[in-house]
file structure20.cif (mmCIF, C-alpha atoms)
data_final
loop_
_atom_site.label_atom_id
_atom_site.label_comp_id
_atom_site.auth_asym_id
_atom_site.auth_seq_id
_atom_site.Cartn_x
_atom_site.Cartn_y
_atom_site.Cartn_z
CA MET V 57 128.70 51.58 77.87
CA SER V 58 126.05 53.53 79.73
CA ASP V 59 124.67 56.81 78.38
CA PHE V 60 123.47 57.86 81.83
CA LYS V 61 124.03 61.54 82.57
CA TYR V 62 123.69 63.07 86.02
CA THR V 63 121.63 66.25 86.12
CA ARG V 64 121.85 68.39 89.23
CA PRO V 65 118.36 69.22 90.57
CA ASP V 66 117.46 72.87 90.17
CA SER V 67 116.88 74.47 93.56
CA PHE V 68 114.64 77.11 91.97
CA PRO V 69 113.19 75.68 88.73
CA PRO V 70 111.54 78.06 86.23
CA ILE V 71 107.83 77.31 86.73
CA VAL V 72 108.04 77.47 90.51
CA LYS V 73 110.09 80.66 90.25
CA ASN V 74 107.63 82.34 87.87
CA LEU V 75 104.58 81.25 89.84
CA ILE V 76 106.07 82.81 92.99
CA ILE V 77 106.91 86.00 91.09
CA ILE V 78 103.36 86.26 89.71
CA ASN V 79 101.85 85.68 93.15
CA VAL V 80 104.05 88.37 94.69
CA LEU V 81 103.23 90.85 91.90
CA VAL V 82 99.51 90.20 92.30
CA PHE V 83 99.85 90.65 96.07
CA VAL V 84 101.54 94.02 95.53
CA ALA V 85 98.75 94.97 93.12
CA GLN V 86 96.19 94.01 95.75
CA LEU V 87 97.86 96.31 98.27
CA THR V 88 98.22 99.24 95.90
CA LEU V 89 95.35 98.98 93.38
CA ASN V 90 92.60 97.48 95.54
CA ILE V 91 91.76 94.67 93.10
CA THR V 92 91.08 91.91 95.63
CA ASP V 93 87.28 92.10 95.35
CA LYS V 94 87.48 91.54 91.59
CA ILE V 95 89.83 88.56 91.52
CA MET V 96 88.78 86.40 94.48
CA LEU V 97 86.30 83.56 93.94
CA TYR V 98 82.64 84.18 94.83
CA PRO V 99 79.85 81.57 94.99
CA ILE V 100 78.26 80.93 91.60
CA GLN V 101 74.93 82.45 92.71
CA HIS V 102 76.60 85.65 93.95
CA GLU V 103 76.20 88.71 91.73
CA ALA V 104 79.95 89.37 91.89
CA PHE V 105 80.89 85.92 90.52
CA ARG V 106 82.81 85.93 87.26
CA PRO V 107 84.16 82.79 85.51
CA TYR V 108 87.68 84.22 85.30
CA GLN V 109 87.85 84.16 89.11
CA ILE V 110 88.35 80.39 88.93
CA ALA V 111 91.86 81.21 87.67
CA THR V 112 92.60 84.57 89.28
CA HIS V 113 91.79 83.53 92.84
CA MET V 114 94.79 81.17 92.74
CA PHE V 115 97.13 84.16 92.57
CA ALA V 116 95.41 86.33 95.17
CA HIS V 117 96.04 86.28 98.92
CA ALA V 118 94.56 87.99 101.94
CA PRO V 119 96.08 91.51 101.96
CA ASN V 120 95.78 91.78 105.74
CA MET V 121 97.47 88.42 106.46
CA PHE V 122 101.07 88.48 105.25
CA PHE V 123 101.70 84.95 106.52
CA HIS V 124 99.07 83.67 104.04
CA ILE V 125 101.18 84.36 100.96
CA VAL V 126 104.45 83.59 102.78
CA PHE V 127 103.29 80.13 103.84
CA ASN V 128 101.85 79.27 100.43
CA MET V 129 104.91 80.43 98.52
CA PHE V 130 107.27 78.64 100.89
CA ALA V 131 105.28 75.40 100.48
CA LEU V 132 105.20 75.89 96.69
CA TRP V 133 108.97 76.22 96.64
CA MET V 134 109.62 73.45 99.16
CA PHE V 135 107.57 70.73 97.45
CA GLY V 136 106.94 72.15 94.00
CA ARG V 137 110.63 72.33 93.07
CA VAL V 138 110.97 68.60 93.75
CA LEU V 139 108.02 67.74 91.50
CA GLU V 140 109.15 70.11 88.74
CA ASN V 141 112.63 68.55 88.78
CA VAL V 142 111.06 65.10 88.49
CA TRP V 143 108.37 65.89 85.92
CA GLY V 144 109.77 68.81 83.99
CA PRO V 145 108.28 72.31 83.63
CA GLN V 146 105.40 71.56 81.25
CA ARG V 147 103.95 68.66 83.19
CA PHE V 148 104.34 70.47 86.50
CA LEU V 149 102.55 73.57 85.18
CA ILE V 150 99.64 71.45 83.91
CA PHE V 151 99.50 69.71 87.27
CA TYR V 152 99.52 72.98 89.22
CA PHE V 153 96.65 74.54 87.32
CA ALA V 154 94.66 71.29 87.34
CA CYS V 155 94.92 71.15 91.14
CA GLY V 156 93.91 74.80 91.44
CA ILE V 157 90.88 74.27 89.20
CA GLY V 158 89.97 71.07 91.05
CA ALA V 159 90.12 72.99 94.33
CA ALA V 160 87.88 75.72 92.91
CA ALA V 161 85.38 73.18 91.55
CA CYS V 162 85.07 71.43 94.91
CA HIS V 163 84.74 74.73 96.76
CA LEU V 164 82.11 76.07 94.35
CA ALA V 165 80.10 72.83 94.50
CA VAL V 166 79.96 72.91 98.30
CA GLN V 167 79.05 76.60 98.28
CA TYR V 168 76.35 76.02 95.67
CA PHE V 169 74.50 73.61 97.96
CA ALA V 170 75.14 75.82 101.00
CA TRP V 171 73.58 78.74 99.13
CA GLU V 172 70.54 76.66 98.15
CA ASN V 173 70.11 75.52 101.77
CA MET V 174 70.48 79.10 102.99
CA GLU V 175 67.69 80.30 100.69
CA ALA V 176 65.49 77.39 101.71
CA ALA V 177 66.04 78.22 105.39
CA PHE V 178 65.21 81.88 104.77
CA ALA V 179 62.04 80.87 102.94
CA ALA V 180 61.06 78.65 105.88
CA GLY V 181 61.71 81.47 108.34
CA ASN V 182 64.57 79.65 110.07
CA MET V 183 66.93 82.60 110.44
CA ALA V 184 69.42 80.83 112.71
CA LYS V 185 69.93 78.02 110.21
CA ALA V 186 70.11 80.46 107.32
CA GLN V 187 72.80 82.46 109.09
CA SER V 188 74.82 79.32 109.75
CA TYR V 189 74.91 78.61 106.01
CA ALA V 190 75.60 82.24 105.16
CA GLY V 191 78.72 82.15 107.31
CA SER V 192 80.33 79.63 104.95
CA LEU V 193 79.63 81.59 101.77
CA GLY V 194 82.49 84.07 101.82
CA PRO V 195 84.72 84.51 98.77
CA ALA V 196 87.87 82.41 98.50
CA LEU V 197 91.39 83.38 97.52
CA GLY V 198 94.85 81.87 97.71
CA ALA V 199 97.11 79.23 96.18
CA SER V 200 96.39 76.81 99.03
CA GLY V 201 94.27 74.44 96.92
CA ALA V 202 96.98 74.02 94.29
CA VAL V 203 99.64 73.76 97.00
CA MET V 204 97.67 70.99 98.72
CA GLY V 205 97.64 69.14 95.40
CA ILE V 206 101.42 69.49 95.25
CA PHE V 207 101.75 68.23 98.81
CA ALA V 208 99.50 65.23 98.08
CA ALA V 209 101.56 64.33 95.01
CA PHE V 210 104.80 64.69 96.96
CA ALA V 211 103.46 62.44 99.71
CA TYR V 212 102.42 59.84 97.13
CA LEU V 213 105.76 59.85 95.31
CA PHE V 214 107.98 60.19 98.39
CA PRO V 215 105.79 58.84 101.22
CA ASN V 216 108.55 58.12 103.71
CA THR V 217 110.29 61.49 103.50
CA GLU V 218 110.52 62.79 107.05
CA MET V 219 109.59 66.39 107.75
CA PHE V 220 109.57 68.65 110.76
CA ILE V 221 106.29 70.50 111.20
CA MET V 222 105.83 73.58 113.36
CA PHE V 223 104.97 72.85 117.01
CA ILE V 224 105.59 69.09 116.57
CA PRO V 225 108.94 68.14 118.17
CA PHE V 226 109.57 64.98 116.12
CA PRO V 227 109.76 64.19 112.38
CA ILE V 228 106.65 63.02 110.54
CA LYS V 229 106.62 61.08 107.29
CA ALA V 230 105.05 62.91 104.36
CA LYS V 231 102.27 60.34 103.92
CA TRP V 232 101.07 60.82 107.51
CA ALA V 233 101.45 64.60 107.34
CA VAL V 234 99.20 64.94 104.28
CA LEU V 235 96.63 62.56 105.77
CA GLY V 236 96.65 64.62 108.97
CA LEU V 237 96.13 67.87 107.05
CA ALA V 238 93.31 66.29 105.04
CA ALA V 239 91.64 65.10 108.25
CA ILE V 240 91.89 68.60 109.73
CA ASP V 241 90.35 70.12 106.60
CA LEU V 242 87.58 67.52 106.52
CA PHE V 243 86.72 68.23 110.14
CA GLY V 244 86.89 71.98 109.60
CA GLY V 245 84.68 71.80 106.53
CA VAL V 246 82.03 69.58 108.12
CA ALA V 247 82.05 71.29 111.53
CA ASN V 248 81.66 74.76 109.97
CA VAL V 249 82.97 76.48 113.08
CA SER V 250 81.92 80.11 113.47
CA GLY V 251 84.73 82.51 112.60
CA ASP V 252 86.68 79.92 110.60
CA ASN V 253 87.51 81.64 107.30
CA VAL V 254 89.53 78.78 105.79
CA ALA V 255 88.23 77.24 102.54
CA HIS V 256 88.63 73.66 103.78
CA PHE V 257 86.87 72.01 100.86
CA ALA V 258 89.10 73.88 98.41
CA HIS V 259 92.09 72.33 100.18
CA LEU V 260 90.49 68.89 99.98
CA GLY V 261 89.58 69.38 96.33
CA GLY V 262 93.15 70.31 95.47
CA ALA V 263 94.59 67.37 97.41
CA VAL V 264 92.21 64.84 95.84
CA THR V 265 92.84 66.24 92.35
CA GLY V 266 96.59 66.03 92.84
CA PHE V 267 96.41 62.48 94.16
CA ILE V 268 94.23 61.30 91.26
CA ILE V 269 96.45 62.91 88.63
CA VAL V 270 99.69 61.48 89.97
CA LEU V 271 98.05 58.07 90.38
CA ILE V 272 96.96 58.10 86.73
CA TRP V 273 100.35 59.34 85.51
CA ASN V 274 102.15 56.59 87.42
CA LYS V 275 99.93 53.89 85.97
CA MET V 276 100.39 55.26 82.44
CA ASN V 277 104.19 55.15 82.57
CA LYS V 278 105.58 52.34 84.69
CA LYS V 279 109.12 52.81 83.40
CA ARG V 280 109.58 55.89 85.51
CA PHE V 281 111.15 55.55 88.97
CA TYR V 282 108.46 57.55 90.80
#

call {"tool": "encode", "arguments": {"input": "structure20.cif", "output": "C-alpha cells"}}
result
Amino acid sequence: MSDFKYTRPDSFPPIVKNLIIINVLVFVAQLTLNITDKIMLYPIQHEAFRPYQIATHMFAHAPNMFFHIVFNMFALWMFGRVLENVWGPQRFLIFYFACGIGAAACHLAVQYFAWENMEAAFAAGNMAKAQSYAGSLGPALGASGAVMGIFAAFAYLFPNTEMFIMFIPFPIKAKWAVLGLAAIDLFGGVANVSGDNVAHFAHLGGAVTGFIIVLIWNKMNKKRFY
C-alpha cells in the first residue's frame, strides 16, 4: 500500500507572498519618505556606502520607473512560486537571499576595480577614460539579481519548459531564455554603453550564484525528482 499523498501546489506560497509585500511596502516608503539614497547599494569606496545596503538594496526599486518593481515582482511570483513549492519555504528563502548577496558581491567587485581604474586615469590626466569608468559607478537597487538567480534555478530544474517572451512571437525553452538573458547582460556589462543604467554584473552574479547552489543541492540529494 502506498503512502503517497497529493499536495496541490500553492499558487501564492508564503515566502514569495511576503517578499512581494515587503518590496511593495519599501517602494511606498521610497515614494513617501525619500529613503532611496540610504538603502541603495553604493560602491565600497563611496562615502555613502554602508554594509547594510547589501541587504536593503534588494528591496528597493527605482521610484521613477514603476515597471521596474512590477517586472521584478511578476518574475518573482512566476518562477519563485514554483521553486518554493518544490523546495519548501525555508530552503527557498535561503536561496533567495544567497542569490541577492551573490549579485551584490559580483556588482561590488566589478565596481571596486572600475573605481580604482577611474582614480588611476584621473591621476594620469586621462579625463575621457576616467569619465568612462565613472559612468558605471552609479548606485544599484532592485531585486533583479535575486530574481535572475531564481530564473537560472528554474531553467536548470525545468529546462524544457516553454515560455512566451515579450516581442518574440514563438515559445522559447527556459534553458535558452536564461542563456540569452545572460548573454545580453554579459554584453551590456562589457560594452559599458553610455546611458545604460542596468547593473548587468549584478544580474550575472545572481544567475551564477543560483545555478551553483541548485547544482550543489541536486548533487547532495539524488533521491529528489528535480

call {"tool": "atom_distance", "arguments": {"input": "structure20.cif", "atom1": "CA of Ala238 in chain V", "atom2": "CA of Phe123 in chain V"}}
result
20.5 Å

call {"tool": "closest_residue", "arguments": {"input": "structure20.cif", "among": "V:Phe210, V:Phe220, V:Phe127, V:Phe257", "to": "Ile240 in chain V", "atoms": "only C-alpha atoms"}}
result
V:Phe257

call {"tool": "closest_residue", "arguments": {"input": "structure20.cif", "among": "V:Ile221, V:Ala176, V:Ile269, V:Leu139", "to": "Phe207 in chain V", "atoms": "only C-alpha atoms"}}
result
V:Leu139

call {"tool": "residues_around", "arguments": {"input": "structure20.cif", "residues": "Val234 in chain V", "least_positions_apart": "4", "cutoff": "9 Å", "atoms": "only C-alpha atoms", "output": "list in words"}}
result
Met204, Phe207, Ala208, Ala211, Lys229, Ala230, Ala238, Ala239 and Ala263 of chain V

call {"tool": "closest_residue", "arguments": {"input": "structure20.cif", "among": "V:Asn274, V:Ala159, V:Ala190, V:Thr92", "to": "Asn173 in chain V", "atoms": "all atoms listed in the file"}}
result
V:Ala190

call {"tool": "resolve_selection", "arguments": {"input": "structure20.cif", "expression": "the PyMOL selection byres ((chain V and resi 101) around 12)", "output": "PyMOL selection string"}}
result
chain V and resi 97-100+102-107+164-165+167-172+174-175+193-195

call {"tool": "residues_around", "arguments": {"input": "structure20.cif", "residues": "Ala154 in chain V", "least_positions_apart": "3", "cutoff": "12 Å", "atoms": "all atoms listed in the file", "output": "list in words"}}
result
Ile110, Ala111, Met114, Arg147, Phe148, Leu149, Ile150, Phe151, Ile157, Gly158, Ala159, Ala160, Ala161, Gly201, Ala202, Val203, Met204, Gly205, Ile206, Gly261, Gly262, Ala263, Val264, Thr265, Gly266, Phe267, Ile268, Ile269 and Val270 of chain V

call {"tool": "residues_around", "arguments": {"input": "structure20.cif", "residues": "Gly244 in chain V", "least_positions_apart": "2", "cutoff": "10 Å", "atoms": "all atoms listed in the file", "output": "compact mmCIF listing (two decimals) with C-alpha atoms, keeping the file's coordinate frame"}}
result
# COMPACT_ATOMS: atom_id res chain seq x y z
CA ALA V 238 93.31 66.29 105.04
CA ALA V 239 91.64 65.10 108.25
CA ILE V 240 91.89 68.60 109.73
CA ASP V 241 90.35 70.12 106.60
CA LEU V 242 87.58 67.52 106.52
CA VAL V 246 82.03 69.58 108.12
CA ALA V 247 82.05 71.29 111.53
CA ASN V 248 81.66 74.76 109.97
CA VAL V 249 82.97 76.48 113.08
CA ASP V 252 86.68 79.92 110.60
CA ASN V 253 87.51 81.64 107.30
CA VAL V 254 89.53 78.78 105.79
CA ALA V 255 88.23 77.24 102.54
CA HIS V 256 88.63 73.66 103.78
CA PHE V 257 86.87 72.01 100.86

call {"tool": "atom_distance", "arguments": {"input": "structure20.cif", "atom1": "CA of Leu260 in chain V", "atom2": "CA of Glu140 in chain V"}}
result
21.8 Å

call {"tool": "closest_residue", "arguments": {"input": "structure20.cif", "among": "V:Leu271, V:Ile125, V:Ala199, V:Leu132", "to": "Val80 in chain V", "atoms": "all atoms listed in the file"}}
result
V:Ile125

call {"tool": "atom_distance", "arguments": {"input": "structure20.cif", "atom1": "CA of Phe153 in chain V", "atom2": "CA of Val72 in chain V"}}
result
12.2 Å

call {"tool": "closest_residue", "arguments": {"input": "structure20.cif", "among": "V:Arg137, V:His163, V:Lys231, V:Lys275", "to": "Asp66 in chain V", "atoms": "all atoms listed in the file"}}
result
V:Arg137

call {"tool": "decode", "arguments": {"input": "structure20.cif", "residues": "range 143-154 of chain V", "atoms": "all heavy atoms", "output": "PDB file, in the first residue's frame"}}
result
ATOM      1  N   TRP V 143      10.856  23.236  -3.146  1.00  0.00           N
ATOM      2  CA  TRP V 143      11.850  23.200  -2.072  1.00  0.00           C
ATOM      3  C   TRP V 143      11.276  23.364  -0.676  1.00  0.00           C
ATOM      4  O   TRP V 143      11.859  22.937   0.301  1.00  0.00           O
ATOM      5  CB  TRP V 143      12.874  24.317  -2.282  1.00  0.00           C
ATOM      6  CG  TRP V 143      13.805  24.100  -3.415  1.00  0.00           C
ATOM      7  CD1 TRP V 143      14.175  22.914  -3.967  1.00  0.00           C
ATOM      8  CD2 TRP V 143      14.514  25.117  -4.148  1.00  0.00           C
ATOM      9  NE1 TRP V 143      15.053  23.109  -5.000  1.00  0.00           N
ATOM     10  CE2 TRP V 143      15.283  24.456  -5.126  1.00  0.00           C
ATOM     11  CE3 TRP V 143      14.562  26.499  -4.068  1.00  0.00           C
ATOM     12  CZ2 TRP V 143      16.103  25.150  -6.006  1.00  0.00           C
ATOM     13  CZ3 TRP V 143      15.376  27.197  -4.942  1.00  0.00           C
ATOM     14  CH2 TRP V 143      16.136  26.521  -5.906  1.00  0.00           C
ATOM     15  N   GLY V 144      10.177  24.081  -0.568  1.00  0.00           N
ATOM     16  CA  GLY V 144       9.673  24.467   0.741  1.00  0.00           C
ATOM     17  C   GLY V 144      10.120  25.878   1.086  1.00  0.00           C
ATOM     18  O   GLY V 144      11.088  26.390   0.525  1.00  0.00           O
ATOM     19  N   PRO V 145       9.434  26.526   2.035  1.00  0.00           N
ATOM     20  CA  PRO V 145       9.706  27.937   2.345  1.00  0.00           C
ATOM     21  C   PRO V 145      11.124  28.217   2.835  1.00  0.00           C
ATOM     22  O   PRO V 145      11.751  29.181   2.396  1.00  0.00           O
ATOM     23  CB  PRO V 145       8.670  28.258   3.437  1.00  0.00           C
ATOM     24  CG  PRO V 145       7.596  27.237   3.261  1.00  0.00           C
ATOM     25  CD  PRO V 145       8.283  26.008   2.779  1.00  0.00           C
ATOM     26  N   GLN V 146      11.631  27.406   3.763  1.00  0.00           N
ATOM     27  CA  GLN V 146      12.929  27.701   4.363  1.00  0.00           C
ATOM     28  C   GLN V 146      14.048  27.658   3.335  1.00  0.00           C
ATOM     29  O   GLN V 146      14.873  28.574   3.253  1.00  0.00           O
ATOM     30  CB  GLN V 146      13.221  26.720   5.501  1.00  0.00           C
ATOM     31  CG  GLN V 146      14.538  27.009   6.224  1.00  0.00           C
ATOM     32  CD  GLN V 146      14.762  26.060   7.400  1.00  0.00           C
ATOM     33  OE1 GLN V 146      13.958  25.174   7.674  1.00  0.00           O
ATOM     34  NE2 GLN V 146      15.862  26.253   8.102  1.00  0.00           N
ATOM     35  N   ARG V 147      14.079  26.610   2.538  1.00  0.00           N
ATOM     36  CA  ARG V 147      15.136  26.479   1.545  1.00  0.00           C
ATOM     37  C   ARG V 147      15.022  27.578   0.487  1.00  0.00           C
ATOM     38  O   ARG V 147      16.040  28.137   0.052  1.00  0.00           O
ATOM     39  CB  ARG V 147      15.091  25.097   0.897  1.00  0.00           C
ATOM     40  CG  ARG V 147      16.131  24.918  -0.207  1.00  0.00           C
ATOM     41  CD  ARG V 147      16.249  23.477  -0.657  1.00  0.00           C
ATOM     42  NE  ARG V 147      17.038  22.711   0.287  1.00  0.00           N
ATOM     43  CZ  ARG V 147      17.662  21.555  -0.007  1.00  0.00           C
ATOM     44  NH1 ARG V 147      17.556  21.053  -1.221  1.00  0.00           N
ATOM     45  NH2 ARG V 147      18.353  20.921   0.887  1.00  0.00           N
ATOM     46  N   PHE V 148      13.815  27.898   0.092  1.00  0.00           N
ATOM     47  CA  PHE V 148      13.644  28.944  -0.913  1.00  0.00           C
ATOM     48  C   PHE V 148      14.109  30.292  -0.379  1.00  0.00           C
ATOM     49  O   PHE V 148      14.745  31.058  -1.106  1.00  0.00           O
ATOM     50  CB  PHE V 148      12.180  29.048  -1.353  1.00  0.00           C
ATOM     51  CG  PHE V 148      11.937  30.178  -2.319  1.00  0.00           C
ATOM     52  CD1 PHE V 148      12.325  30.063  -3.639  1.00  0.00           C
ATOM     53  CD2 PHE V 148      11.346  31.364  -1.894  1.00  0.00           C
ATOM     54  CE1 PHE V 148      12.126  31.115  -4.535  1.00  0.00           C
ATOM     55  CE2 PHE V 148      11.139  32.413  -2.775  1.00  0.00           C
ATOM     56  CZ  PHE V 148      11.537  32.284  -4.096  1.00  0.00           C
ATOM     57  N   LEU V 149      13.808  30.602   0.879  1.00  0.00           N
ATOM     58  CA  LEU V 149      14.230  31.877   1.456  1.00  0.00           C
ATOM     59  C   LEU V 149      15.751  31.976   1.514  1.00  0.00           C
ATOM     60  O   LEU V 149      16.329  33.018   1.178  1.00  0.00           O
ATOM     61  CB  LEU V 149      13.636  32.037   2.860  1.00  0.00           C
ATOM     62  CG  LEU V 149      13.934  33.365   3.562  1.00  0.00           C
ATOM     63  CD1 LEU V 149      13.344  34.536   2.786  1.00  0.00           C
ATOM     64  CD2 LEU V 149      13.391  33.341   4.989  1.00  0.00           C
ATOM     65  N   ILE V 150      16.401  30.891   1.926  1.00  0.00           N
ATOM     66  CA  ILE V 150      17.868  30.863   1.941  1.00  0.00           C
ATOM     67  C   ILE V 150      18.410  31.099   0.543  1.00  0.00           C
ATOM     68  O   ILE V 150      19.351  31.881   0.334  1.00  0.00           O
ATOM     69  CB  ILE V 150      18.375  29.521   2.512  1.00  0.00           C
ATOM     70  CG1 ILE V 150      18.021  29.400   3.990  1.00  0.00           C
ATOM     71  CG2 ILE V 150      19.885  29.373   2.302  1.00  0.00           C
ATOM     72  CD1 ILE V 150      18.285  28.024   4.571  1.00  0.00           C
ATOM     73  N   PHE V 151      17.809  30.420  -0.429  1.00  0.00           N
ATOM     74  CA  PHE V 151      18.243  30.550  -1.816  1.00  0.00           C
ATOM     75  C   PHE V 151      18.091  31.985  -2.309  1.00  0.00           C
ATOM     76  O   PHE V 151      18.997  32.539  -2.939  1.00  0.00           O
ATOM     77  CB  PHE V 151      17.427  29.605  -2.699  1.00  0.00           C
ATOM     78  CG  PHE V 151      17.735  29.702  -4.157  1.00  0.00           C
ATOM     79  CD1 PHE V 151      18.802  29.003  -4.696  1.00  0.00           C
ATOM     80  CD2 PHE V 151      16.970  30.489  -5.004  1.00  0.00           C
ATOM     81  CE1 PHE V 151      19.104  29.096  -6.044  1.00  0.00           C
ATOM     82  CE2 PHE V 151      17.255  30.582  -6.350  1.00  0.00           C
ATOM     83  CZ  PHE V 151      18.334  29.883  -6.877  1.00  0.00           C
ATOM     84  N   TYR V 152      16.965  32.602  -2.003  1.00  0.00           N
ATOM     85  CA  TYR V 152      16.691  33.960  -2.475  1.00  0.00           C
ATOM     86  C   TYR V 152      17.737  34.944  -1.960  1.00  0.00           C
ATOM     87  O   TYR V 152      18.302  35.730  -2.727  1.00  0.00           O
ATOM     88  CB  TYR V 152      15.287  34.377  -2.032  1.00  0.00           C
ATOM     89  CG  TYR V 152      14.874  35.746  -2.530  1.00  0.00           C
ATOM     90  CD1 TYR V 152      14.313  35.905  -3.789  1.00  0.00           C
ATOM     91  CD2 TYR V 152      15.041  36.885  -1.733  1.00  0.00           C
ATOM     92  CE1 TYR V 152      13.929  37.155  -4.254  1.00  0.00           C
ATOM     93  CE2 TYR V 152      14.663  38.136  -2.193  1.00  0.00           C
ATOM     94  CZ  TYR V 152      14.112  38.258  -3.446  1.00  0.00           C
ATOM     95  OH  TYR V 152      13.745  39.498  -3.911  1.00  0.00           O
ATOM     96  N   PHE V 153      17.978  34.904  -0.657  1.00  0.00           N
ATOM     97  CA  PHE V 153      18.943  35.843  -0.089  1.00  0.00           C
ATOM     98  C   PHE V 153      20.367  35.539  -0.556  1.00  0.00           C
ATOM     99  O   PHE V 153      21.164  36.453  -0.763  1.00  0.00           O
ATOM    100  CB  PHE V 153      18.861  35.827   1.436  1.00  0.00           C
ATOM    101  CG  PHE V 153      17.790  36.716   1.978  1.00  0.00           C
ATOM    102  CD1 PHE V 153      16.600  36.183   2.455  1.00  0.00           C
ATOM    103  CD2 PHE V 153      17.946  38.085   1.992  1.00  0.00           C
ATOM    104  CE1 PHE V 153      15.598  37.000   2.944  1.00  0.00           C
ATOM    105  CE2 PHE V 153      16.948  38.919   2.479  1.00  0.00           C
ATOM    106  CZ  PHE V 153      15.772  38.379   2.961  1.00  0.00           C
ATOM    107  N   ALA V 154      20.692  34.269  -0.726  1.00  0.00           N
ATOM    108  CA  ALA V 154      22.023  33.920  -1.221  1.00  0.00           C
ATOM    109  C   ALA V 154      22.244  34.483  -2.622  1.00  0.00           C
ATOM    110  O   ALA V 154      23.326  35.008  -2.929  1.00  0.00           O
ATOM    111  CB  ALA V 154      22.198  32.395  -1.226  1.00  0.00           C
TER     112      ALA V 154
END
